[in-house]
$ cat my_file-v3.cif   # mmCIF, C-alpha atoms
data_target
loop_
_atom_site.label_atom_id
_atom_site.label_comp_id
_atom_site.auth_asym_id
_atom_site.auth_seq_id
_atom_site.Cartn_x
_atom_site.Cartn_y
_atom_site.Cartn_z
CA MET A 1 -32.54 -5.16 -20.58
CA VAL A 2 -29.67 -2.82 -19.71
CA ALA A 3 -27.05 -4.43 -17.50
CA PRO A 4 -26.72 -2.78 -14.10
CA THR A 5 -23.71 -0.53 -13.60
CA ASP A 6 -21.06 -1.29 -11.01
CA ALA A 7 -22.52 1.52 -8.89
CA ASP A 8 -25.97 -0.16 -9.01
CA LEU A 9 -24.45 -3.49 -8.00
CA VAL A 10 -22.45 -1.93 -5.17
CA SER A 11 -25.58 -0.23 -3.88
CA ARG A 12 -27.53 -3.51 -3.93
CA ALA A 13 -24.63 -5.40 -2.35
CA GLN A 14 -24.43 -2.77 0.41
CA ALA A 15 -28.09 -3.54 1.09
CA GLY A 16 -27.10 -7.19 1.62
CA ARG A 17 -27.82 -8.61 -1.82
CA LEU A 18 -25.27 -11.42 -2.28
CA ASP A 19 -26.20 -11.94 -5.93
CA ALA A 20 -25.16 -8.35 -6.69
CA PHE A 21 -21.78 -8.87 -5.04
CA GLU A 22 -21.33 -12.15 -6.91
CA GLU A 23 -21.80 -10.25 -10.18
CA LEU A 24 -19.15 -7.72 -9.09
CA VAL A 25 -16.75 -10.59 -8.37
CA ARG A 26 -17.45 -12.05 -11.80
CA ARG A 27 -16.90 -8.70 -13.54
CA HIS A 28 -13.71 -7.77 -11.70
CA ARG A 29 -12.15 -11.20 -11.24
CA LEU A 30 -9.81 -10.90 -14.20
CA GLY A 31 -8.55 -7.36 -13.51
CA THR A 32 -7.98 -8.11 -9.85
CA PHE A 33 -6.25 -11.40 -10.62
CA ARG A 34 -4.02 -9.74 -13.24
CA VAL A 35 -2.75 -7.21 -10.71
CA ALA A 36 -2.09 -9.99 -8.19
CA LEU A 37 -0.33 -12.15 -10.78
CA ARG A 38 1.98 -9.35 -11.90
CA MET A 39 2.66 -8.33 -8.32
CA LEU A 40 3.37 -11.84 -7.02
CA GLY A 41 4.63 -13.65 -10.12
CA ASP A 42 2.88 -16.87 -9.09
CA GLU A 43 -0.59 -18.03 -10.16
CA SER A 44 -1.43 -19.91 -6.98
CA ASP A 45 -0.47 -16.98 -4.74
CA ALA A 46 -2.33 -14.62 -7.08
CA GLU A 47 -5.47 -16.73 -6.74
CA ASP A 48 -5.22 -16.63 -2.93
CA ALA A 49 -4.65 -12.87 -2.96
CA THR A 50 -7.63 -12.34 -5.29
CA GLN A 51 -9.94 -14.39 -3.09
CA ASP A 52 -8.78 -12.60 0.07
CA ALA A 53 -9.23 -9.22 -1.63
CA PHE A 54 -12.85 -9.91 -2.60
CA VAL A 55 -13.72 -11.23 0.87
CA GLN A 56 -12.15 -8.12 2.37
CA ALA A 57 -14.08 -5.97 -0.11
CA TRP A 58 -17.34 -7.57 1.06
CA ARG A 59 -16.46 -6.89 4.70
CA ASN A 60 -15.59 -3.25 3.98
CA LEU A 61 -18.34 -2.58 1.46
CA GLY A 62 -20.04 -0.18 3.85
CA GLY A 63 -17.03 2.13 3.63
CA PHE A 64 -16.90 2.18 -0.17
CA ARG A 65 -17.42 5.70 -1.53
CA ALA A 66 -19.97 5.87 -4.33
CA ASP A 67 -17.88 8.43 -6.26
CA ALA A 68 -14.94 5.98 -6.63
CA ALA A 69 -14.62 3.30 -9.31
CA PHE A 70 -15.09 -0.21 -7.97
CA SER A 71 -12.14 -1.41 -10.09
CA THR A 72 -9.80 1.18 -8.52
CA TRP A 73 -11.01 0.17 -5.07
CA MET A 74 -10.32 -3.50 -5.86
CA TYR A 75 -6.85 -2.62 -7.18
CA ARG A 76 -6.20 -0.86 -3.90
CA ILE A 77 -7.32 -3.82 -1.80
CA VAL A 78 -5.53 -6.48 -3.85
CA THR A 79 -2.32 -4.43 -4.13
CA ASN A 80 -2.19 -3.99 -0.36
CA ARG A 81 -2.89 -7.69 0.10
CA CYS A 82 -0.02 -8.50 -2.29
CA LEU A 83 2.33 -6.06 -0.56
CA ASN A 84 1.58 -7.77 2.78
CA MET A 85 2.20 -11.20 1.22
CA LEU A 86 5.48 -9.97 -0.31
CA ARG A 87 6.65 -8.51 2.99
CA SER A 88 6.02 -11.77 4.83
CA ARG A 89 7.54 -13.76 1.95
CA ARG A 90 10.65 -11.54 2.05
CA ARG A 91 11.08 -12.31 5.73
CA THR A 92 10.74 -16.06 5.35
CA GLU A 93 12.05 -17.26 2.00
CA PRO A 94 14.23 -16.24 -0.95
CA LEU A 95 12.66 -15.61 -4.34
CA PRO A 96 12.82 -18.89 -6.30
CA ASP A 97 13.66 -16.94 -9.45
CA ASP A 98 16.91 -15.71 -7.90
CA ARG A 99 18.37 -19.15 -8.46
CA GLU A 100 17.43 -19.22 -12.13
CA ALA A 101 19.96 -17.99 -14.64
CA PRO A 102 18.44 -15.96 -17.47
CA ALA A 103 18.37 -17.65 -20.84
CA SER A 104 21.15 -16.80 -23.24
CA ARG A 105 20.38 -13.88 -25.54
CA PRO A 106 20.34 -15.88 -28.82
CA ASP A 107 17.77 -18.23 -27.26
CA ARG A 108 15.59 -15.30 -26.27
CA ILE A 109 15.74 -13.77 -29.72
CA ALA A 110 14.81 -17.10 -31.27
CA GLU A 111 11.94 -17.66 -28.84
CA GLY A 112 9.77 -14.65 -27.99
CA ARG A 113 8.33 -16.24 -24.83
CA TRP A 114 11.73 -16.14 -23.19
CA GLN A 115 11.84 -12.40 -23.53
CA LEU A 116 8.54 -12.06 -21.71
CA GLN A 117 9.72 -14.44 -19.02
CA ASP A 118 12.90 -12.40 -18.56
CA LEU A 119 10.84 -9.25 -18.20
CA THR A 120 8.47 -10.94 -15.76
CA ARG A 121 11.45 -12.08 -13.70
CA ALA A 122 12.91 -8.58 -13.70
CA ILE A 123 9.57 -7.16 -12.51
CA VAL A 124 9.36 -9.72 -9.70
CA ARG A 125 12.85 -8.68 -8.57
CA LEU A 126 11.84 -5.03 -8.14
CA THR A 127 11.13 -3.96 -4.59
CA PRO A 128 7.40 -4.24 -3.80
CA GLU A 129 7.25 -0.44 -3.46
CA GLN A 130 8.58 -0.02 -7.02
CA ARG A 131 6.67 -2.95 -8.43
CA ALA A 132 3.19 -1.77 -7.45
CA PRO A 133 3.21 1.52 -9.43
CA LEU A 134 4.91 -0.20 -12.37
CA VAL A 135 2.29 -2.94 -12.55
CA LEU A 136 -0.59 -0.48 -12.23
CA ARG A 137 0.81 1.97 -14.77
CA GLU A 138 2.51 -0.15 -17.43
CA LEU A 139 0.48 -3.35 -17.25
CA GLN A 140 -2.95 -2.15 -16.11
CA GLY A 141 -2.89 1.26 -17.80
CA CYS A 142 -3.90 3.21 -14.68
CA SER A 143 -3.45 6.99 -14.61
CA TYR A 144 -1.05 8.60 -12.14
CA GLU A 145 -4.08 9.88 -10.19
CA GLU A 146 -5.57 6.37 -9.94
CA ILE A 147 -2.24 4.94 -8.80
CA ALA A 148 -1.84 7.68 -6.20
CA GLU A 149 -5.32 6.86 -4.87
CA THR A 150 -4.71 3.12 -5.01
CA LEU A 151 -1.39 3.27 -3.17
CA ASP A 152 -2.32 6.20 -0.92
CA LEU A 153 0.67 8.21 -2.18
CA SER A 154 1.15 11.67 -3.65
CA ILE A 155 1.40 11.86 -7.43
CA SER A 156 5.02 13.00 -7.16
CA ALA A 157 5.83 9.95 -4.98
CA VAL A 158 4.18 7.70 -7.58
CA LYS A 159 6.21 9.29 -10.37
CA SER A 160 9.42 8.95 -8.37
CA ARG A 161 8.86 5.24 -7.60
CA LEU A 162 7.80 4.52 -11.15
CA HIS A 163 10.86 6.28 -12.50
CA ARG A 164 13.16 4.19 -10.34
CA ALA A 165 11.31 1.03 -11.34
CA ARG A 166 11.69 1.81 -15.04
CA LEU A 167 15.41 2.49 -14.63
CA GLU A 168 15.79 -0.80 -12.73
CA LEU A 169 14.11 -2.64 -15.61
CA LEU A 170 16.41 -0.96 -18.10
CA ALA A 171 19.44 -1.91 -16.00
CA ALA A 172 18.19 -5.52 -15.83
CA MET A 173 17.72 -5.57 -19.58
CA ARG A 174 21.21 -4.18 -20.16
CA SER A 175 22.67 -6.88 -17.88
CA TRP A 176 21.23 -9.58 -20.20
CA ALA A 177 23.16 -8.24 -23.19
CA MET B 178 15.04 12.23 -9.61
CA SER B 179 17.41 10.05 -11.64
CA ARG B 180 20.38 8.56 -9.79
CA VAL B 181 21.97 7.06 -12.88
CA PRO B 182 24.89 8.91 -14.47
CA PRO B 183 24.14 10.93 -17.60
CA LEU B 184 25.05 9.56 -21.00
CA PRO B 185 28.52 10.51 -22.35
CA CYS B 186 26.82 13.28 -24.37
CA GLY B 187 25.36 14.72 -21.15
CA ALA B 188 21.76 13.61 -21.83
CA ASP B 189 19.73 12.42 -18.82
CA LEU B 190 18.78 8.77 -19.16
CA GLY B 191 15.74 9.39 -16.98
CA ALA B 192 14.50 11.96 -19.49
CA LEU B 193 14.87 9.43 -22.30
CA VAL B 194 12.89 6.90 -20.26
CA ALA B 195 10.11 9.46 -19.78
CA GLN B 196 10.23 10.22 -23.52
CA VAL B 197 9.66 6.58 -24.46
CA ALA B 198 7.34 5.55 -21.63
CA ASP B 199 5.20 8.67 -21.21
CA GLY B 200 5.66 10.46 -24.53
CA VAL B 201 7.37 13.45 -22.89
CA PRO B 202 8.93 15.55 -25.70
CA GLY B 203 12.71 15.06 -26.05
CA ASP B 204 15.54 16.96 -27.71
CA LEU B 205 14.93 15.46 -31.13
CA ALA B 206 17.50 17.68 -32.88
CA HIS B 207 20.28 16.42 -30.59
CA GLN B 208 19.08 12.81 -30.70
CA ALA B 209 19.05 12.81 -34.51
CA THR B 210 22.86 12.98 -34.56
CA CYS B 211 23.88 11.56 -31.16
CA PRO B 212 24.96 7.88 -31.18
CA HIS B 213 24.67 7.64 -27.36
CA CYS B 214 21.07 8.82 -27.31
CA GLN B 215 20.19 6.70 -30.33
CA ALA B 216 21.62 3.55 -28.69
CA ALA B 217 19.79 4.26 -25.41
CA LEU B 218 16.52 5.01 -27.22
CA ALA B 219 16.82 1.80 -29.24
CA GLN B 220 17.19 -0.19 -25.99
CA LEU B 221 14.27 1.64 -24.42
CA ASP B 222 12.10 1.04 -27.47
CA GLU B 223 12.92 -2.68 -27.29
CA LEU B 224 12.12 -2.75 -23.57
CA TRP B 225 8.82 -0.90 -23.99
CA GLN B 226 7.72 -3.12 -26.85
CA LEU B 227 8.23 -6.01 -24.45
CA VAL B 228 6.32 -4.21 -21.69
CA ASP B 229 3.45 -3.62 -24.15
CA ARG B 230 3.45 -7.29 -25.07
CA LEU B 231 3.29 -8.29 -21.42
CA ALA B 232 0.44 -5.81 -20.83
CA ARG B 233 -1.49 -7.34 -23.75
CA GLU B 234 -0.65 -10.94 -22.83
CA ARG B 235 -3.79 -12.99 -22.32
CA VAL B 236 -4.32 -13.97 -18.70
CA GLU B 237 -6.98 -16.41 -17.53
CA ALA B 238 -8.33 -15.91 -14.03
CA PRO B 239 -9.63 -19.22 -12.63
CA GLU B 240 -13.44 -19.14 -12.61
CA ARG B 241 -13.49 -21.12 -9.35
CA ILE B 242 -12.48 -17.88 -7.61
CA ASP B 243 -16.14 -16.75 -7.75
CA ALA B 244 -17.42 -19.86 -5.99
CA VAL B 245 -14.64 -19.87 -3.38
CA VAL B 246 -15.18 -16.18 -2.58
CA MET B 247 -18.96 -16.51 -2.30
CA GLY B 248 -18.59 -19.68 -0.21
CA ARG B 249 -16.29 -17.86 2.23
CA ILE B 250 -18.70 -14.93 2.44
CA ARG B 251 -21.74 -17.17 3.02
CA ARG B 252 -19.88 -19.07 5.77
CA ALA B 253 -18.85 -15.78 7.39
CA ILE B 254 -22.45 -14.56 7.30
CA PHE B 255 -23.74 -17.85 8.75
CA THR B 256 -21.07 -17.85 11.47
CA GLY B 257 -21.84 -14.23 12.29
CA LYS B 258 -25.57 -14.96 12.56
CA ALA B 259 -24.91 -18.03 14.69
CA ILE B 260 -22.75 -16.00 17.06
CA GLU B 261 -25.36 -13.27 17.12
CA LEU B 262 -28.08 -15.81 17.91
CA PHE B 263 -26.33 -18.12 20.33
CA GLY B 264 -23.86 -15.55 21.63
CA GLY B 265 -26.80 -13.65 23.11
CA LEU B 266 -28.32 -16.78 24.63
CA LEU B 267 -25.18 -18.16 26.29
CA PRO B 268 -24.76 -15.46 28.99
CA ARG B 269 -28.45 -15.79 29.88
CA LEU B 270 -28.14 -19.56 30.08
CA GLY B 271 -25.05 -19.20 32.27
CA TRP B 272 -26.86 -16.75 34.56
CA ALA B 273 -29.84 -19.10 34.80
CA LEU B 274 -27.59 -22.02 35.76
CA LEU B 275 -25.77 -19.95 38.37
CA THR B 276 -29.06 -18.74 39.82
CA TYR B 277 -30.49 -22.26 39.88
CA GLY B 278 -27.29 -23.56 41.49
CA GLY B 279 -27.40 -20.85 44.17
CA LEU B 280 -31.03 -21.53 44.96
CA ALA B 281 -30.47 -25.27 45.12
CA GLU B 282 -27.53 -24.76 47.50
CA ARG B 283 -29.76 -22.80 49.85
CA GLY B 284 -32.40 -25.51 49.69
CA VAL B 285 -34.94 -23.32 47.99
CA GLY B 286 -37.56 -25.39 46.20
CA ARG B 287 -37.00 -28.61 48.18
#
$ encode --input "my_file-v3.cif" --output "structure tokens"
Amino acid sequence: MVAPTDADLVSRAQAGRLDAFEELVRRHRLGTFRVALRMLGDESDAEDATQDAFVQAWRNLGGFRADAAFSTWMYRIVTNRCLNMLRSRRRTEPLPDDREAPASRPDRIAEGRWQLQDLTRAIVRLTPEQRAPLVLRELQGCSYEEIAETLDLSISAVKSRLHRARLELLAAMRSWA
Amino acid sequence: MSRVPPLPCGADLGALVAQVADGVPGDLAHQATCPHCQAALAQLDELWQLVDRLARERVEAPERIDAVVMGRIRRAIFTGKAIELFGGLLPRLGWALLTYGGLAERGVGR
């Protein structure tokens, strides 16, 4: 039997079929969680954001356009959820990573994981507005058009924010040396 | 678009970033002999290799997310139905009590 497409499942879920929506959650759990994890830098917060995003998706399912990809729609919802969490976090607490000194360069060269952790830290230190296009483009492989739709921005605004984010990462990398 | 100063050779660092990250064609003839561009490109290559590794890094999304999400949705549906059911009855019950109270006060039915 051919597995139903996302569009089939969305259509059934819009008709009230919970089992269809459960299958959508199962299919898109990883992609949605990955975006949240890269945006927030914390697994527990990413899990909360993913759960909230799917519940919100269920509530707004009636407004989902059939011509859009469900994955792009989920990226949009979870990214906005993360941006809201980051804005409230910024108002209430400092980033824990700000207190951590980066590992010394010889250590990083000897141990590859440290390099990834340094990069992850540098991404978390980007402003949320720079971080979102960077995560979607570099880590999720989204096109500029998909990012523009996800973030409700023009393509030129996406390119501009992404450009600044990339330069910030380069500056962070140079500061390690 | 770039607010960083150009390299000592005059090359735009932003253009080098776009070359490495997006595959935008660069001035290969100049870069072949320019130590500034070569150093910057080497750093960018190192950075983008790291970005690629992070993009390919295996991530596990907790499977319990499915159950938690569906549990929240089922509770929301149940609560919504309960409100729909009892929310409609409560005003009628209140009206009936008020009416009964008013009638009793006037001694109707004694």
$ atom_distance --input "my_file-v3.cif" --atom1 "atom CA of Ala53 of chain A" --atom2 "atom CA of Val10 of chain A"
15.5 Å
$ atom_distance --input "my_file-v3.cif" --atom1 "atom CA of Thr50 of chain A" --atom2 "atom CA of Ala7 of chain A"
20.7 Å
$ residues_around --input "my_file-v3.cif" --residues "segment 120-130 of chain A" --least-positions-apart "4" --cutoff "8 Å" --atoms "all atoms listed in the file" --output "ChimeraX atom specification"
/A:38-41,83,86,97,116,134,161-162,164-165,168-169,172
$ write_last_selection --input "my_file-v3.cif" --atoms "C-alpha atoms" --output "short mmCIF file (atom, residue, chain, number, x, y, z; two decimals), in the frame of the given file"
data_model
loop_
_atom_site.label_atom_id
_atom_site.label_comp_id
_atom_site.auth_asym_id
_atom_site.auth_seq_id
_atom_site.Cartn_x
_atom_site.Cartn_y
_atom_site.Cartn_z
CA ARG A 38 1.98 -9.35 -11.90
CA MET A 39 2.66 -8.33 -8.32
CA LEU A 40 3.37 -11.84 -7.02
CA GLY A 41 4.63 -13.65 -10.12
CA LEU A 83 2.33 -6.06 -0.56
CA LEU A 86 5.48 -9.97 -0.31
CA ASP A 97 13.66 -16.94 -9.45
CA LEU A 116 8.54 -12.06 -21.71
CA LEU A 134 4.91 -0.20 -12.37
CA ARG A 161 8.86 5.24 -7.60
CA LEU A 162 7.80 4.52 -11.15
CA ARG A 164 13.16 4.19 -10.34
CA ALA A 165 11.31 1.03 -11.34
CA GLU A 168 15.79 -0.80 -12.73
CA LEU A 169 14.11 -2.64 -15.61
CA ALA A 172 18.19 -5.52 -15.83
#
$ closest_residue --input "my_file-v3.cif" --among "A:Ala57, A:Leu24, A:Ala3, A:Val135" --to "Met74 of chain A" --atoms "only C-alpha atoms"
A:Ala57
$ closest_residue --input "my_file-v3.cif" --among "A:Asp118, A:Phe64, A:Thr5, A:Phe54" --to "chain B" --atoms "only C-alpha atoms"
A:Phe54
$ resolve_selection --input "my_file-v3.cif" --expression "the PyMOL selection byres ((chain A) within 9 of (chain B))" --output "ChimeraX atom specification"
/A:18,21-23,25-26,29-34,43,47-48,50-52,54-55,58-59,115-116,119-120,135,138-141,160,163-164,166-167,169-170,173-174
$ resolve_selection --input "my_file-v3.cif" --expression "the PyMOL selection byres ((chain B and resi 211-214) around 12)" --output "ChimeraX atom specification"
/B:183-194,196-197,203-210,215-222
$ build_atoms --input "my_file-v3.cif" --residues "segment 193-227 of chain B" --atoms "N, CA and C atoms" --output "PDB file, in the coordinates of the input"
ATOM      1  N   LEU B 193      15.131  10.297 -21.154  1.00  0.00           N
ATOM      2  CA  LEU B 193      14.870   9.430 -22.300  1.00  0.00           C
ATOM      3  C   LEU B 193      13.828   8.367 -21.954  1.00  0.00           C
ATOM      4  N   VAL B 194      13.892   7.873 -20.710  1.00  0.00           N
ATOM      5  CA  VAL B 194      12.890   6.900 -20.260  1.00  0.00           C
ATOM      6  C   VAL B 194      11.503   7.536 -20.303  1.00  0.00           C
ATOM      7  N   ALA B 195      11.410   8.758 -19.786  1.00  0.00           N
ATOM      8  CA  ALA B 195      10.110   9.460 -19.780  1.00  0.00           C
ATOM      9  C   ALA B 195       9.631   9.721 -21.209  1.00  0.00           C
ATOM     10  N   GLN B 196      10.574   9.971 -22.109  1.00  0.00           N
ATOM     11  CA  GLN B 196      10.230  10.220 -23.520  1.00  0.00           C
ATOM     12  C   GLN B 196       9.577   8.983 -24.128  1.00  0.00           C
ATOM     13  N   VAL B 197      10.180   7.825 -23.864  1.00  0.00           N
ATOM     14  CA  VAL B 197       9.660   6.580 -24.460  1.00  0.00           C
ATOM     15  C   VAL B 197       8.404   6.096 -23.730  1.00  0.00           C
ATOM     16  N   ALA B 198       8.439   6.155 -22.401  1.00  0.00           N
ATOM     17  CA  ALA B 198       7.340   5.550 -21.630  1.00  0.00           C
ATOM     18  C   ALA B 198       6.119   6.459 -21.546  1.00  0.00           C
ATOM     19  N   ASP B 199       6.336   7.756 -21.423  1.00  0.00           N
ATOM     20  CA  ASP B 199       5.200   8.670 -21.210  1.00  0.00           C
ATOM     21  C   ASP B 199       4.970   9.621 -22.377  1.00  0.00           C
ATOM     22  N   GLY B 200       5.825   9.554 -23.393  1.00  0.00           N
ATOM     23  CA  GLY B 200       5.660  10.460 -24.530  1.00  0.00           C
ATOM     24  C   GLY B 200       6.055  11.889 -24.244  1.00  0.00           C
ATOM     25  N   VAL B 201       6.898  12.090 -23.201  1.00  0.00           N
ATOM     26  CA  VAL B 201       7.370  13.450 -22.890  1.00  0.00           C
ATOM     27  C   VAL B 201       8.297  13.899 -24.028  1.00  0.00           C
ATOM     28  N   PRO B 202       8.099  15.119 -24.567  1.00  0.00           N
ATOM     29  CA  PRO B 202       8.930  15.550 -25.700  1.00  0.00           C
ATOM     30  C   PRO B 202      10.426  15.551 -25.347  1.00  0.00           C
ATOM     31  N   GLY B 203      11.264  15.080 -26.266  1.00  0.00           N
ATOM     32  CA  GLY B 203      12.710  15.060 -26.050  1.00  0.00           C
ATOM     33  C   GLY B 203      13.410  16.019 -26.988  1.00  0.00           C
ATOM     34  N   ASP B 204      14.723  16.068 -26.853  1.00  0.00           N
ATOM     35  CA  ASP B 204      15.540  16.960 -27.710  1.00  0.00           C
ATOM     36  C   ASP B 204      15.816  16.224 -29.021  1.00  0.00           C
ATOM     37  N   LEU B 205      14.854  16.265 -29.900  1.00  0.00           N
ATOM     38  CA  LEU B 205      14.930  15.460 -31.130  1.00  0.00           C
ATOM     39  C   LEU B 205      16.094  15.887 -32.024  1.00  0.00           C
ATOM     40  N   ALA B 206      16.407  17.185 -32.033  1.00  0.00           N
ATOM     41  CA  ALA B 206      17.500  17.680 -32.880  1.00  0.00           C
ATOM     42  C   ALA B 206      18.836  17.064 -32.440  1.00  0.00           C
ATOM     43  N   HIS B 207      19.058  17.015 -31.125  1.00  0.00           N
ATOM     44  CA  HIS B 207      20.280  16.420 -30.590  1.00  0.00           C
ATOM     45  C   HIS B 207      20.294  14.904 -30.847  1.00  0.00           C
ATOM     46  N   GLN B 208      19.150  14.278 -30.579  1.00  0.00           N
ATOM     47  CA  GLN B 208      19.080  12.810 -30.700  1.00  0.00           C
ATOM     48  C   GLN B 208      19.283  12.343 -32.149  1.00  0.00           C
ATOM     49  N   ALA B 209      18.934  13.194 -33.092  1.00  0.00           N
ATOM     50  CA  ALA B 209      19.050  12.810 -34.510  1.00  0.00           C
ATOM     51  C   ALA B 209      20.494  12.525 -34.902  1.00  0.00           C
ATOM     52  N   THR B 210      21.445  13.160 -34.190  1.00  0.00           N
ATOM     53  CA  THR B 210      22.860  12.980 -34.560  1.00  0.00           C
ATOM     54  C   THR B 210      23.693  12.339 -33.469  1.00  0.00           C
ATOM     55  N   CYS B 211      23.087  12.065 -32.297  1.00  0.00           N
ATOM     56  CA  CYS B 211      23.880  11.560 -31.160  1.00  0.00           C
ATOM     57  C   CYS B 211      23.829  10.029 -31.095  1.00  0.00           C
ATOM     58  N   PRO B 212      24.972   9.353 -31.233  1.00  0.00           N
ATOM     59  CA  PRO B 212      24.960   7.880 -31.180  1.00  0.00           C
ATOM     60  C   PRO B 212      24.606   7.348 -29.787  1.00  0.00           C
ATOM     61  N   HIS B 213      24.964   8.095 -28.733  1.00  0.00           N
ATOM     62  CA  HIS B 213      24.670   7.640 -27.360  1.00  0.00           C
ATOM     63  C   HIS B 213      23.158   7.637 -27.107  1.00  0.00           C
ATOM     64  N   CYS B 214      22.534   8.727 -27.482  1.00  0.00           N
ATOM     65  CA  CYS B 214      21.070   8.820 -27.310  1.00  0.00           C
ATOM     66  C   CYS B 214      20.364   7.808 -28.198  1.00  0.00           C
ATOM     67  N   GLN B 215      20.838   7.639 -29.402  1.00  0.00           N
ATOM     68  CA  GLN B 215      20.190   6.700 -30.330  1.00  0.00           C
ATOM     69  C   GLN B 215      20.280   5.267 -29.800  1.00  0.00           C
ATOM     70  N   ALA B 216      21.453   4.917 -29.232  1.00  0.00           N
ATOM     71  CA  ALA B 216      21.620   3.550 -28.690  1.00  0.00           C
ATOM     72  C   ALA B 216      20.691   3.352 -27.489  1.00  0.00           C
ATOM     73  N   ALA B 217      20.648   4.370 -26.607  1.00  0.00           N
ATOM     74  CA  ALA B 217      19.790   4.260 -25.410  1.00  0.00           C
ATOM     75  C   ALA B 217      18.324   4.196 -25.808  1.00  0.00           C
ATOM     76  N   LEU B 218      17.923   5.015 -26.781  1.00  0.00           N
ATOM     77  CA  LEU B 218      16.520   5.010 -27.220  1.00  0.00           C
ATOM     78  C   LEU B 218      16.148   3.685 -27.882  1.00  0.00           C
ATOM     79  N   ALA B 219      17.101   3.102 -28.605  1.00  0.00           N
ATOM     80  CA  ALA B 219      16.820   1.800 -29.240  1.00  0.00           C
ATOM     81  C   ALA B 219      16.577   0.743 -28.160  1.00  0.00           C
ATOM     82  N   GLN B 220      17.400   0.766 -27.092  1.00  0.00           N
ATOM     83  CA  GLN B 220      17.190  -0.190 -25.990  1.00  0.00           C
ATOM     84  C   GLN B 220      15.850   0.041 -25.308  1.00  0.00           C
ATOM     85  N   LEU B 221      15.540   1.321 -25.084  1.00  0.00           N
ATOM     86  CA  LEU B 221      14.270   1.640 -24.420  1.00  0.00           C
ATOM     87  C   LEU B 221      13.075   1.240 -25.276  1.00  0.00           C
ATOM     88  N   ASP B 222      13.186   1.459 -26.575  1.00  0.00           N
ATOM     89  CA  ASP B 222      12.100   1.040 -27.470  1.00  0.00           C
ATOM     90  C   ASP B 222      11.892  -0.468 -27.385  1.00  0.00           C
ATOM     91  N   GLU B 223      13.000  -1.218 -27.371  1.00  0.00           N
ATOM     92  CA  GLU B 223      12.920  -2.680 -27.290  1.00  0.00           C
ATOM     93  C   GLU B 223      12.252  -3.096 -25.973  1.00  0.00           C
ATOM     94  N   LEU B 224      12.693  -2.431 -24.879  1.00  0.00           N
ATOM     95  CA  LEU B 224      12.120  -2.750 -23.570  1.00  0.00           C
ATOM     96  C   LEU B 224      10.630  -2.446 -23.535  1.00  0.00           C
ATOM     97  N   TRP B 225      10.243  -1.280 -24.088  1.00  0.00           N
ATOM     98  CA  TRP B 225       8.820  -0.900 -23.990  1.00  0.00           C
ATOM     99  C   TRP B 225       7.938  -1.715 -24.915  1.00  0.00           C
ATOM    100  N   GLN B 226       8.499  -2.194 -26.007  1.00  0.00           N
ATOM    101  CA  GLN B 226       7.720  -3.120 -26.850  1.00  0.00           C
ATOM    102  C   GLN B 226       7.408  -4.395 -26.065  1.00  0.00           C
ATOM    103  N   LEU B 227       8.411  -4.808 -25.274  1.00  0.00           N
ATOM    104  CA  LEU B 227       8.230  -6.010 -24.450  1.00  0.00           C
ATOM    105  C   LEU B 227       7.195  -5.759 -23.352  1.00  0.00           C
TER     106      LEU B 227
END
